[in-house]
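Heads up: the structure comes next, in structure tokens.
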Amino acid sequence: MVEGRCMKCKQNREMKDVEEVVMKNGMKAAKGICTVCGTKMYKILGKA
Ligand SMILES: [Zn+2]
């Protein structure tokens, strides 16, 4: 399970449907959906 900060819940939440992506600035991030409210969330993982 990956945890990230949900902007809507304003709390750390578990993410579902987690997908690893590389952003334009070269940083790796995990993209997922908040298990509580369904909002899209990102977690920065560091440099790719
Ligand atoms: Zn949420």
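All residue names refer to the structure tokens as shown: chains lettered A, B, ... in order, residues numbered from 1 in each chain, ligands numbered from 1 in order.
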(message) What residues of the protein or nucleic acid chains come within 10 Å of ligand 1 when you use only C-alpha atoms and all ligand atoms? Reply as a PyMOL selection string.
(response) chain A and resi 4-15+33-41
Atoms to include: C-alpha atoms. Write the selected residues as a short mmCIF file (atom, residue, chain, number, x, y, z; two decimals), in the first residue's frame.
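File produced: out23.cif:
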data_model
loop_
_atom_site.label_atom_id
_atom_site.label_comp_id
_atom_site.auth_asym_id
_atom_site.auth_seq_id
_atom_site.Cartn_x
_atom_site.Cartn_y
_atom_site.Cartn_z
CA GLY A 4 -0.06 9.91 0.12
CA ARG A 5 -1.46 13.19 1.24
CA CYS A 6 -5.02 13.75 0.09
CA MET A 7 -5.72 17.41 -0.58
CA LYS A 8 -9.42 16.95 -0.02
CA CYS A 9 -9.27 14.93 3.22
CA LYS A 10 -6.29 17.01 4.37
CA GLN A 11 -4.86 13.83 5.82
CA ASN A 12 -2.57 10.99 4.80
CA ARG A 13 -4.59 8.35 3.03
CA GLU A 14 -3.94 5.04 1.35
CA MET A 15 -4.03 5.21 -2.43
CA ILE A 33 -6.91 7.55 -5.94
CA CYS A 34 -7.82 8.27 -2.32
CA THR A 35 -9.55 5.21 -0.87
CA VAL A 36 -11.80 7.45 1.24
CA CYS A 37 -13.05 10.23 -1.05
CA GLY A 38 -11.93 9.14 -4.51
CA THR A 39 -9.84 12.22 -5.22
CA LYS A 40 -6.77 11.82 -7.42
CA MET A 41 -3.57 12.06 -5.42
#
(message) For the strand (DSSP E or B) assignment from backbone DSSP, which residues of chain A qualify? Please present them as a ChimeraX atom specification.
(response) /A:2-6,11-22,27-34,40-47
Selection to disk with N, CA and C atoms, as a tab-separated table (two decimals), in the first residue's frame:
chain	number	residue	atom	x	y	z
A	2	VAL	N	0.47	2.19	-0.80
A	2	VAL	CA	1.18	3.46	-0.86
A	2	VAL	C	0.33	4.52	-0.16
A	3	GLU	N	0.98	5.30	0.66
A	3	GLU	CA	0.26	6.38	1.32
A	3	GLU	C	0.64	7.72	0.72
A	4	GLY	N	-0.33	8.57	0.62
A	4	GLY	CA	-0.06	9.91	0.12
A	4	GLY	C	-0.94	10.89	0.84
A	5	ARG	N	-0.68	12.15	0.58
A	5	ARG	CA	-1.46	13.19	1.24
A	5	ARG	C	-2.63	13.54	0.34
A	6	CYS	N	-3.83	13.37	0.85
A	6	CYS	CA	-5.02	13.75	0.09
A	6	CYS	C	-5.34	15.21	0.36
A	11	GLN	N	-5.50	14.83	4.97
A	11	GLN	CA	-4.86	13.83	5.82
A	11	GLN	C	-4.11	12.85	4.94
A	12	ASN	N	-3.22	12.06	5.55
A	12	ASN	CA	-2.57	10.99	4.80
A	12	ASN	C	-3.56	9.86	4.62
A	13	ARG	N	-3.65	9.41	3.36
A	13	ARG	CA	-4.59	8.35	3.03
A	13	ARG	C	-3.90	7.29	2.20
A	14	GLU	N	-4.42	6.07	2.25
A	14	GLU	CA	-3.94	5.04	1.35
A	14	GLU	C	-4.46	5.33	-0.05
A	15	MET	N	-3.64	5.00	-1.04
A	15	MET	CA	-4.03	5.21	-2.43
A	15	MET	C	-4.37	3.87	-3.06
A	16	LYS	N	-5.37	3.89	-3.93
A	16	LYS	CA	-5.65	2.69	-4.72
A	16	LYS	C	-5.36	2.99	-6.18
A	17	ASP	N	-5.33	1.94	-6.99
A	17	ASP	CA	-5.00	2.07	-8.42
A	17	ASP	C	-3.69	2.83	-8.60
A	18	VAL	N	-2.71	2.47	-7.81
A	18	VAL	CA	-1.44	3.20	-7.83
A	18	VAL	C	-0.66	2.90	-9.11
A	19	GLU	N	-0.11	3.95	-9.68
A	19	GLU	CA	0.63	3.87	-10.92
A	19	GLU	C	1.87	4.74	-10.76
A	20	GLU	N	3.02	4.22	-11.18
A	20	GLU	CA	4.22	5.02	-11.08
A	20	GLU	C	4.39	5.83	-12.35
A	21	VAL	N	4.63	7.09	-12.19
A	21	VAL	CA	4.79	7.97	-13.34
A	21	VAL	C	6.06	8.80	-13.17
A	22	VAL	N	6.61	9.25	-14.30
A	22	VAL	CA	7.74	10.18	-14.26
A	22	VAL	C	7.22	11.52	-14.76
A	27	MET	N	11.08	13.93	-11.94
A	27	MET	CA	10.82	13.32	-10.64
A	27	MET	C	9.85	12.16	-10.81
A	28	LYS	N	10.09	11.12	-10.02
A	28	LYS	CA	9.19	9.99	-10.02
A	28	LYS	C	8.07	10.24	-9.02
A	29	ALA	N	6.88	9.83	-9.38
A	29	ALA	CA	5.75	10.01	-8.47
A	29	ALA	C	4.82	8.82	-8.57
A	30	ALA	N	4.09	8.59	-7.51
A	30	ALA	CA	3.04	7.57	-7.52
A	30	ALA	C	1.71	8.30	-7.66
A	31	LYS	N	0.93	7.84	-8.63
A	31	LYS	CA	-0.36	8.45	-8.90
A	31	LYS	C	-1.43	7.46	-8.45
A	32	GLY	N	-2.42	7.93	-7.75
A	32	GLY	CA	-3.46	7.02	-7.29
A	32	GLY	C	-4.72	7.75	-6.91
A	33	ILE	N	-5.62	7.00	-6.32
A	33	ILE	CA	-6.91	7.55	-5.94
A	33	ILE	C	-7.11	7.33	-4.44
A	34	CYS	N	-7.56	8.35	-3.76
A	34	CYS	CA	-7.82	8.27	-2.32
A	34	CYS	C	-8.89	7.20	-2.07
A	40	LYS	N	-8.08	12.19	-6.89
A	40	LYS	CA	-6.77	11.82	-7.42
A	40	LYS	C	-5.68	12.39	-6.52
A	41	MET	N	-4.68	11.57	-6.23
A	41	MET	CA	-3.57	12.06	-5.42
A	41	MET	C	-2.24	11.64	-6.01
A	42	TYR	N	-1.22	12.41	-5.66
A	42	TYR	CA	0.13	12.13	-6.09
A	42	TYR	C	1.03	12.05	-4.88
A	43	LYS	N	2.05	11.20	-4.99
A	43	LYS	CA	3.08	11.21	-3.99
A	43	LYS	C	4.42	11.27	-4.70
A	44	ILE	N	5.22	12.26	-4.33
A	44	ILE	CA	6.54	12.39	-4.93
A	44	ILE	C	7.47	11.35	-4.34
A	45	LEU	N	8.13	10.58	-5.21
A	45	LEU	CA	9.01	9.50	-4.75
A	45	LEU	C	10.48	9.87	-4.83
A	46	GLY	N	10.80	10.88	-5.63
A	46	GLY	CA	12.20	11.26	-5.76
A	46	GLY	C	12.62	11.27	-7.21
A	47	LYS	N	13.92	11.46	-7.43
A	47	LYS	CA	14.42	11.54	-8.80
A	47	LYS	C	14.33	10.20	-9.50
